[in-house]
>>> print(open('work-v1.tsv').read())   # TSV, C-alpha atoms
chain	number	residue	atom	x	y	z
A	1	MET	CA	155.22	81.41	36.08
A	2	ARG	CA	151.48	81.01	35.47
A	3	VAL	CA	148.97	79.78	38.04
A	4	LYS	CA	145.48	78.54	37.22
A	5	TYR	CA	142.63	80.71	38.49
A	6	GLU	CA	141.18	77.92	40.66
A	7	GLU	CA	144.55	77.25	42.33
A	8	LEU	CA	145.01	80.94	43.12
A	9	LEU	CA	141.46	81.18	44.43
A	10	ASN	CA	141.88	78.17	46.73
A	11	ARG	CA	145.24	79.39	48.04
A	12	PHE	CA	143.83	82.81	48.90
A	13	GLN	CA	140.78	81.29	50.59
A	14	GLU	CA	142.89	78.94	52.71
A	15	ILE	CA	145.10	81.78	53.94
A	16	LEU	CA	142.17	84.07	54.76
A	17	MET	CA	140.32	81.33	56.66
A	18	GLY	CA	143.46	80.91	58.74
A	19	ARG	CA	143.16	84.59	59.72
A	20	GLY	CA	139.62	84.68	61.01
A	21	PHE	CA	137.46	84.85	57.88
A	22	THR	CA	134.44	82.55	57.77
A	23	GLU	CA	134.49	80.05	54.90
A	24	ASP	CA	131.91	81.94	52.81
A	25	TYR	CA	133.46	85.34	53.50
A	26	ALA	CA	136.94	84.00	52.74
A	27	LYS	CA	135.73	82.53	49.44
A	28	THR	CA	134.13	85.83	48.39
A	29	ALA	CA	137.20	87.80	49.46
A	30	ALA	CA	139.54	85.38	47.66
A	31	ALA	CA	137.47	85.84	44.50
A	32	VAL	CA	138.21	89.57	44.64
A	33	PHE	CA	141.98	89.02	44.54
A	34	ALA	CA	141.80	86.20	42.00
A	35	GLY	CA	139.33	88.09	39.81
A	36	ASN	CA	141.47	91.23	39.73
A	37	SER	CA	144.45	89.08	38.72
A	38	LEU	CA	142.37	87.33	36.08
A	39	ASP	CA	141.64	90.70	34.45
A	40	GLY	CA	145.33	91.61	34.45
A	41	ILE	CA	145.16	94.04	37.38
A	42	TYR	CA	147.95	92.21	39.24
A	43	SER	CA	148.89	95.30	41.25
A	44	HIS	CA	145.54	95.06	43.05
A	45	GLY	CA	145.26	91.28	42.95
A	46	VAL	CA	147.98	88.71	43.52
A	47	ASN	CA	150.71	91.34	44.07
A	48	ARG	CA	148.67	93.15	46.72
A	49	PHE	CA	147.58	90.05	48.64
A	50	PRO	CA	150.62	89.79	50.99
A	51	LYS	CA	150.21	93.44	52.03
A	52	ILE	CA	146.51	92.95	52.84
A	53	VAL	CA	147.35	89.88	54.94
A	54	GLU	CA	149.95	91.98	56.78
A	55	ASP	CA	147.25	94.60	57.52
A	56	ILE	CA	144.99	91.83	58.88
A	57	ASP	CA	147.84	90.55	61.08
A	58	ILE	CA	148.49	93.98	62.63
A	59	GLY	CA	144.79	94.57	63.26
A	60	ALA	CA	144.22	97.30	60.65
A	61	ILE	CA	141.53	95.12	59.01
A	62	ASN	CA	138.80	93.45	61.08
A	63	PRO	CA	137.72	90.28	59.22
A	64	ALA	CA	134.48	90.05	61.23
A	65	ALA	CA	133.27	93.63	60.66
A	66	LYS	CA	130.28	94.32	58.41
A	67	PRO	CA	129.14	97.76	57.18
A	68	THR	CA	126.05	99.41	58.69
A	69	CYS	CA	123.74	102.18	57.46
A	70	GLU	CA	124.03	105.22	59.71
A	71	LEU	CA	121.82	107.71	57.87
A	72	ALA	CA	119.24	107.41	55.06
A	73	MET	CA	117.59	110.26	53.14
A	74	GLY	CA	115.77	108.88	50.12
A	75	ALA	CA	118.33	108.29	47.37
A	76	ILE	CA	121.30	109.18	49.60
A	77	GLU	CA	122.70	107.08	52.44
A	78	ARG	CA	125.72	107.21	54.76
A	79	TRP	CA	127.36	103.93	55.82
A	80	ASP	CA	130.14	102.99	58.25
A	81	GLY	CA	132.55	100.23	57.17
A	82	HIS	CA	133.90	99.64	60.71
A	83	ARG	CA	137.33	99.01	59.14
A	84	GLY	CA	136.25	95.65	57.76
A	85	PHE	CA	137.55	94.02	54.58
A	86	GLY	CA	137.52	96.92	52.12
A	87	PRO	CA	136.52	95.26	48.84
A	88	LEU	CA	133.52	93.43	50.29
A	89	ASN	CA	132.32	96.54	52.13
A	90	ALA	CA	132.66	98.53	48.91
A	91	ARG	CA	130.80	95.86	46.94
A	92	LEU	CA	127.90	95.99	49.43
A	93	ALA	CA	127.86	99.80	49.23
A	94	MET	CA	127.75	99.70	45.44
A	95	GLU	CA	124.99	97.08	45.56
A	96	ARG	CA	122.97	99.40	47.78
A	97	ALA	CA	123.61	102.38	45.48
A	98	ILE	CA	122.32	100.29	42.55
A	99	GLU	CA	119.16	99.42	44.50
A	100	LEU	CA	118.58	103.11	45.24
A	101	ALA	CA	119.15	104.04	41.58
A	102	LYS	CA	116.63	101.44	40.42
A	103	GLU	CA	114.08	103.09	42.75
A	104	TYR	CA	114.92	106.80	42.41
A	105	GLY	CA	116.91	106.99	39.17
A	106	VAL	CA	120.05	107.88	41.12
A	107	GLY	CA	121.60	106.33	44.22
A	108	VAL	CA	124.42	107.69	46.39
A	109	VAL	CA	126.14	105.79	49.18
A	110	ALA	CA	128.90	107.49	51.19
A	111	LEU	CA	130.98	104.78	52.88
A	112	GLY	CA	133.25	105.98	55.66
A	113	ASN	CA	135.75	104.18	57.88
A	114	ASN	CA	136.42	101.48	55.27
A	115	ASN	CA	139.70	99.88	54.20
A	116	HIS	CA	141.45	99.81	50.82
A	117	TRP	CA	138.96	98.71	48.17
A	118	LEU	CA	141.76	97.24	45.97
A	119	ARG	CA	140.73	97.59	42.32
A	120	GLY	CA	138.30	100.48	42.04
A	121	GLY	CA	137.24	99.37	38.57
A	122	SER	CA	135.49	96.36	40.12
A	123	TYR	CA	132.69	98.63	41.31
A	124	GLY	CA	132.40	100.30	37.92
A	125	TRP	CA	131.95	96.85	36.36
A	126	GLN	CA	129.46	95.98	39.10
A	127	ALA	CA	127.30	99.01	38.25
A	128	ALA	CA	127.58	98.41	34.50
A	129	ASN	CA	126.65	94.73	34.86
A	130	ALA	CA	123.46	95.96	36.55
A	131	GLY	CA	122.74	98.17	33.52
A	132	CYS	CA	123.74	101.36	35.33
A	133	ILE	CA	126.20	104.22	35.00
A	134	GLY	CA	128.70	104.16	37.86
A	135	ILE	CA	130.80	106.96	39.35
A	136	CYS	CA	132.86	106.20	42.44
A	137	TRP	CA	136.06	107.18	44.18
A	138	SER	CA	138.10	106.64	47.33
A	139	ASN	CA	140.56	108.75	49.22
A	140	THR	CA	143.88	107.28	50.39
A	141	THR	CA	146.70	107.89	52.79
A	142	PRO	CA	148.86	110.92	51.82
A	143	ASN	CA	151.10	109.66	49.02
A	144	MET	CA	151.58	112.53	46.58
A	145	PRO	CA	152.70	116.18	46.74
A	146	ALA	CA	150.17	118.86	45.88
A	147	TRP	CA	151.18	120.65	42.68
A	148	GLY	CA	154.07	123.00	43.43
A	149	GLY	CA	154.97	121.26	46.70
A	150	LYS	CA	157.68	118.80	47.70
A	151	ASP	CA	156.19	117.22	50.81
A	152	ILE	CA	153.44	114.57	50.73
A	153	LYS	CA	150.05	116.15	51.37
A	154	ILE	CA	147.38	114.65	49.08
A	155	GLY	CA	146.22	111.19	47.99
A	156	ASN	CA	146.24	109.73	44.49
A	157	ASN	CA	142.53	109.14	45.12
A	158	PRO	CA	141.32	106.61	42.49
A	159	LEU	CA	138.36	107.62	40.32
A	160	VAL	CA	136.09	105.22	38.40
A	161	LEU	CA	133.47	105.91	35.73
A	162	SER	CA	131.51	103.26	33.83
A	163	VAL	CA	128.84	103.12	31.12
A	164	PRO	CA	126.88	99.91	30.48
A	165	ARG	CA	126.35	98.12	27.16
A	166	SER	CA	123.92	95.22	26.75
A	167	SER	CA	126.70	93.16	25.13
A	168	GLY	CA	128.71	93.28	28.38
A	169	GLN	CA	131.47	95.18	26.55
A	170	HIS	CA	131.20	98.03	29.04
A	171	MET	CA	133.25	101.22	29.04
A	172	VAL	CA	135.09	101.42	32.38
A	173	VAL	CA	137.64	104.09	33.33
A	174	ASP	CA	139.68	103.24	36.44
A	175	CYS	CA	142.52	105.59	37.26
A	176	ALA	CA	144.56	106.77	40.20
A	177	LEU	CA	145.11	110.52	40.14
A	178	SER	CA	148.86	109.98	40.04
A	179	GLN	CA	150.39	109.29	36.64
A	180	PHE	CA	150.98	105.73	37.90
A	181	SER	CA	149.45	104.04	40.95
A	182	TYR	CA	151.82	102.70	43.61
A	183	GLY	CA	150.65	99.20	42.69
A	184	LYS	CA	151.78	99.80	39.11
A	185	LEU	CA	155.12	101.16	40.32
A	186	GLU	CA	155.66	98.00	42.38
A	187	GLU	CA	154.62	95.70	39.54
A	188	THR	CA	156.98	97.44	37.09
A	189	ARG	CA	159.86	97.31	39.58
A	190	LEU	CA	159.32	93.61	40.31
A	191	LYS	CA	159.47	92.92	36.57
A	192	GLY	CA	162.76	94.80	36.32
A	193	GLN	CA	161.25	97.32	33.92
A	194	ARG	CA	161.05	101.09	33.62
A	195	LEU	CA	157.90	103.14	33.24
A	196	PRO	CA	156.85	104.00	29.67
A	197	VAL	CA	156.72	107.74	30.51
A	198	ILE	CA	157.97	109.94	33.36
A	199	GLY	CA	156.14	109.09	36.58
A	200	GLY	CA	157.75	111.16	39.35
A	201	TYR	CA	160.94	112.38	40.97
A	202	ASP	CA	164.07	110.56	42.16
A	203	SER	CA	166.05	111.32	45.33
A	204	GLN	CA	168.02	114.03	43.49
A	205	GLY	CA	164.82	115.84	42.50
A	206	ASN	CA	165.01	114.79	38.86
A	207	LEU	CA	162.08	113.49	36.85
A	208	THR	CA	162.49	109.76	36.25
A	209	THR	CA	160.99	106.60	34.76
A	210	ASP	CA	162.61	104.45	37.49
A	211	PRO	CA	159.71	103.03	39.57
A	212	GLY	CA	161.93	102.12	42.52
A	213	GLU	CA	163.25	105.67	42.86
A	214	ILE	CA	159.72	107.08	42.81
A	215	GLU	CA	158.61	104.59	45.48
A	216	LYS	CA	161.47	105.80	47.71
A	217	THR	CA	160.68	109.51	47.39
A	218	GLN	CA	156.87	109.13	47.12
A	219	ARG	CA	157.03	112.14	44.81
A	220	VAL	CA	154.72	110.76	42.15
A	221	LEU	CA	153.47	113.13	39.48
A	222	PRO	CA	149.78	114.03	39.65
A	223	MET	CA	147.89	113.00	36.51
A	224	GLY	CA	147.64	116.13	34.37
A	225	TYR	CA	150.01	117.96	36.73
A	226	TRP	CA	148.01	120.75	38.48
A	227	LYS	CA	144.73	119.33	37.16
A	228	GLY	CA	145.24	115.97	38.86
A	229	SER	CA	146.30	117.73	42.04
A	230	GLY	CA	143.16	119.88	42.07
A	231	LEU	CA	140.92	116.91	41.33
A	232	SER	CA	142.52	114.92	44.16
A	233	ILE	CA	141.83	117.72	46.65
A	234	ALA	CA	138.23	118.09	45.46
A	235	LEU	CA	137.46	114.36	45.69
A	236	ASP	CA	138.92	114.18	49.19
A	237	LEU	CA	136.79	117.13	50.29
A	238	ILE	CA	133.57	115.72	48.85
A	239	ALA	CA	134.16	112.21	50.26
A	240	THR	CA	134.99	113.56	53.72
A	241	VAL	CA	131.97	115.89	53.78
A	242	LEU	CA	129.54	113.14	52.68
A	243	THR	CA	130.91	110.48	55.05
A	244	ASN	CA	131.82	112.85	57.91
A	245	ALA	CA	134.69	110.39	58.39
A	246	ASN	CA	138.40	110.57	57.59
A	247	SER	CA	140.24	112.92	55.24
A	248	VAL	CA	143.54	112.12	53.54
A	249	LYS	CA	145.30	114.19	56.23
A	250	LYS	CA	143.69	112.23	59.09
A	251	ILE	CA	144.30	108.85	57.42
A	252	GLY	CA	147.97	109.75	57.35
A	253	THR	CA	148.06	109.72	61.16
A	254	PHE	CA	146.96	106.06	61.39
A	255	GLN	CA	149.24	103.03	61.76
A	256	ALA	CA	148.28	101.76	58.31
A	257	GLU	CA	146.21	102.91	55.32
A	258	THR	CA	142.86	102.32	56.98
A	259	GLY	CA	139.61	104.17	57.68
A	260	LEU	CA	139.20	105.42	54.08
A	261	SER	CA	136.26	107.47	52.79
A	262	GLN	CA	134.54	106.28	49.61
A	263	VAL	CA	131.59	107.44	47.51
A	264	MET	CA	129.39	105.34	45.19
A	265	ILE	CA	127.11	107.18	42.74
A	266	VAL	CA	124.85	105.16	40.43
A	267	ILE	CA	122.51	106.42	37.69
A	268	ASP	CA	119.93	104.17	36.04
A	269	PRO	CA	119.83	105.20	32.35
A	270	SER	CA	116.65	103.17	31.81
A	271	LYS	CA	114.82	106.04	33.50
A	272	PHE	CA	115.78	108.17	30.48
A	273	ASN	CA	116.30	105.78	27.56
A	274	THR	CA	115.49	102.27	26.50
A	275	PRO	CA	118.48	99.87	26.69
A	276	GLU	CA	118.57	99.94	22.89
A	277	GLU	CA	118.88	103.74	22.85
A	278	THR	CA	121.68	103.68	25.41
A	279	ASP	CA	123.47	100.96	23.42
A	280	ALA	CA	123.13	102.96	20.20
A	281	ILE	CA	124.70	106.04	21.82
A	282	ALA	CA	127.58	104.08	23.37
A	283	ASP	CA	128.19	101.99	20.24
A	284	GLU	CA	128.38	105.05	17.99
A	285	ILE	CA	130.82	106.92	20.24
A	286	LEU	CA	133.09	103.93	20.89
A	287	ALA	CA	133.07	102.87	17.24
A	288	ASP	CA	134.28	106.34	16.31
A	289	ILE	CA	137.10	106.10	18.87
A	290	LYS	CA	138.16	102.70	17.52
A	291	SER	CA	138.24	104.07	13.97
A	292	SER	CA	141.21	106.26	14.99
A	293	VAL	CA	144.38	105.97	12.94
A	294	PRO	CA	146.87	104.27	15.32
A	295	MET	CA	150.22	105.93	16.06
A	296	GLU	CA	151.96	102.56	15.65
A	297	GLU	CA	151.16	100.36	12.69
A	298	GLY	CA	149.47	97.12	13.66
A	299	LYS	CA	148.26	98.41	17.05
A	300	ALA	CA	144.60	99.18	17.66
A	301	VAL	CA	143.16	102.09	19.63
A	302	ARG	CA	141.17	100.69	22.55
A	303	TYR	CA	138.47	102.20	24.71
A	304	PRO	CA	138.75	101.96	28.54
A	305	GLY	CA	137.86	98.47	29.77
A	306	GLU	CA	138.49	96.68	26.49
A	307	ARG	CA	141.95	95.39	27.44
A	308	GLU	CA	140.67	93.73	30.64
A	309	MET	CA	138.16	91.61	28.74
A	310	ARG	CA	140.86	90.26	26.41
A	311	THR	CA	143.27	89.63	29.28
A	312	ARG	CA	140.56	87.72	31.17
A	313	GLU	CA	140.11	85.30	28.27
A	314	GLU	CA	143.87	84.74	27.95
A	315	ASN	CA	144.44	84.19	31.67
A	316	LEU	CA	141.51	81.78	31.96
A	317	ARG	CA	143.03	79.75	29.15
A	318	ASP	CA	146.73	79.92	30.01
A	319	GLY	CA	146.82	80.71	33.73
A	320	ILE	CA	147.52	83.94	35.59
A	321	PRO	CA	151.09	85.33	35.41
A	322	VAL	CA	152.63	85.52	38.89
A	323	ILE	CA	156.06	86.94	39.64
A	324	ASP	CA	158.24	84.32	41.43
A	325	GLU	CA	159.04	86.67	44.32
A	326	VAL	CA	155.31	87.30	44.92
A	327	TRP	CA	154.45	83.59	44.79
A	328	GLU	CA	157.16	82.88	47.36
A	329	LYS	CA	155.65	85.47	49.70
A	330	ILE	CA	152.18	83.95	49.30
A	331	SER	CA	153.53	80.45	49.87
A	332	ARG	CA	155.11	81.56	53.16
A	333	LEU	CA	151.73	82.85	54.38
>>> encode(input="work-v1.tsv", output="structure tokens")
Amino acid sequence: MRVKYEELLNRFQEILMGRGFTEDYAKTAAAVFAGNSLDGIYSHGVNRFPKIVEDIDIGAINPAAKPTCELAMGAIERWDGHRGFGPLNARLAMERAIELAKEYGVGVVALGNNNHWLRGGSYGWQAANAGCIGICWSNTTPNMPAWGGKDIKIGNNPLVLSVPRSSGQHMVVDCALSQFSYGKLEETRLKGQRLPVIGGYDSQGNLTTDPGEIEKTQRVLPMGYWKGSGLSIALDLIATVLTNANSVKKIGTFQAETGLSQVMIVIDPSKFNTPEETDAIADEILADIKSSVPMEEGKAVRYPGEREMRTREENLRDGIPVIDEVWEKISRL
């Protein structure tokens, strides 16, 4: 089924207001879920909404909490999210990092004790829309084995990088450090599909494309095998040092995936180049990528972020695809 953006937005807002959000805060929060769905990131939009409401109901998310600055040193600041609504805390942290970058050329905000930020790419788009380069990441609850191990020790800590273009056709990389995020595993399972490539291990220890089996074992493959594992460990270390808050290991002791550590780094390229110079560099590189000979005839090679813009146009026109089972869950809320 397809649901119009406005209907989805209103439904989300109504449910959040019923759980302690003020009207304005509920509207902004609802726009996060609806906007992610509009761009085709259903795993961190409409599909994720029931789980976030569950976390609110058990007290893992405090709808009234707002982030506060705990330490400021020029271009670098440390903030505490007080376990408020993750996406809005992260948006405020990125906004502050942008302000610092506009002043100093670079801005860094370390946000500790926050909740799940949903779609990490949102903050890459936020930086790019402000004409800035964005680099940000979050740690998670333990959900992936370190390379060579069987037990769950590290997070699939999502990493985002973005480069602005004056046209708005920004380059935005948004990737979990597992081959597939858990949201993507759930989405694929709900659709009754298999993964396009091997994503982890089943209960017999065999590599598989079955998303349900991987969800059961939690033995997802790190992206790039040992490289993804090493990058996950490094990002967790840096985020925990800068926030002096919770590591992946400590988050794993909590009742829910809460109290995450996140880092927002913003660079203002206008301190180095004119917007025209930055555009020329980005345009040349991306044009070369798009000139690639495709592996499959009739299919184009896309740069990161291009697909979301096309999906947004389609979903605004035709409505957002929602799996029946997910819509039933939302309706019961």
>>> closest_residue(input="work-v1.tsv", among="A:Trp147, A:Tyr5, A:Phe33, A:Phe254", to="Glu314 (chain A)", atoms="only C-alpha atoms")
A:Tyr5
>>> residues_around(input="work-v1.tsv", residues="Gly45 (chain A)", least_positions_apart="4", cutoff="9 Å", atoms="all atoms listed in the file", output="list in words")
Val32, Phe33, Ala34, Gly35, Asn36, Ser37, Leu38, Gly40, Ile41, Phe49, Leu118 and Arg119 of chain A
>>> write_last_selection(input="work-v1.tsv", atoms="C-alpha atoms", output="mmCIF file, keeping the file's coordinate frame")
data_model
loop_
_atom_site.group_PDB
_atom_site.id
_atom_site.type_symbol
_atom_site.label_atom_id
_atom_site.label_comp_id
_atom_site.auth_asym_id
_atom_site.auth_seq_id
_atom_site.Cartn_x
_atom_site.Cartn_y
_atom_site.Cartn_z
ATOM 1 C CA VAL A 32 138.210 89.570 44.640
ATOM 2 C CA PHE A 33 141.980 89.020 44.540
ATOM 3 C CA ALA A 34 141.800 86.200 42.000
ATOM 4 C CA GLY A 35 139.330 88.090 39.810
ATOM 5 C CA ASN A 36 141.470 91.230 39.730
ATOM 6 C CA SER A 37 144.450 89.080 38.720
ATOM 7 C CA LEU A 38 142.370 87.330 36.080
ATOM 8 C CA GLY A 40 145.330 91.610 34.450
ATOM 9 C CA ILE A 41 145.160 94.040 37.380
ATOM 10 C CA PHE A 49 147.580 90.050 48.640
ATOM 11 C CA LEU A 118 141.760 97.240 45.970
ATOM 12 C CA ARG A 119 140.730 97.590 42.320
#
>>> residues_around(input="work-v1.tsv", residues="Tyr225 (chain A)", least_positions_apart="2", cutoff="12 Å", atoms="only C-alpha atoms", output="list in words")
Met144, Pro145, Ala146, Trp147, Gly148, Gly149, Asn156, Leu177, Ser178, Gln179, Ile198, Gly199, Gly200, Val220, Leu221, Pro222, Met223, Lys227, Gly228, Ser229, Gly230, Leu231 and Ser232 of chain A
>>> closest_residue(input="work-v1.tsv", among="A:Ile233, A:Leu195, A:Ala60, A:Leu260", to="Asn246 (chain A)", atoms="only C-alpha atoms")
A:Leu260
>>> atom_distance(input="work-v1.tsv", atom1="CA of Ala300 (chain A)", atom2="CA of Gly124 (chain A)")
23.7 Å
>>> closest_residue(input="work-v1.tsv", among="A:Ala65, A:Ala26, A:Cys132, A:Ile285", to="Asn273 (chain A)", atoms="only C-alpha atoms")
A:Cys132
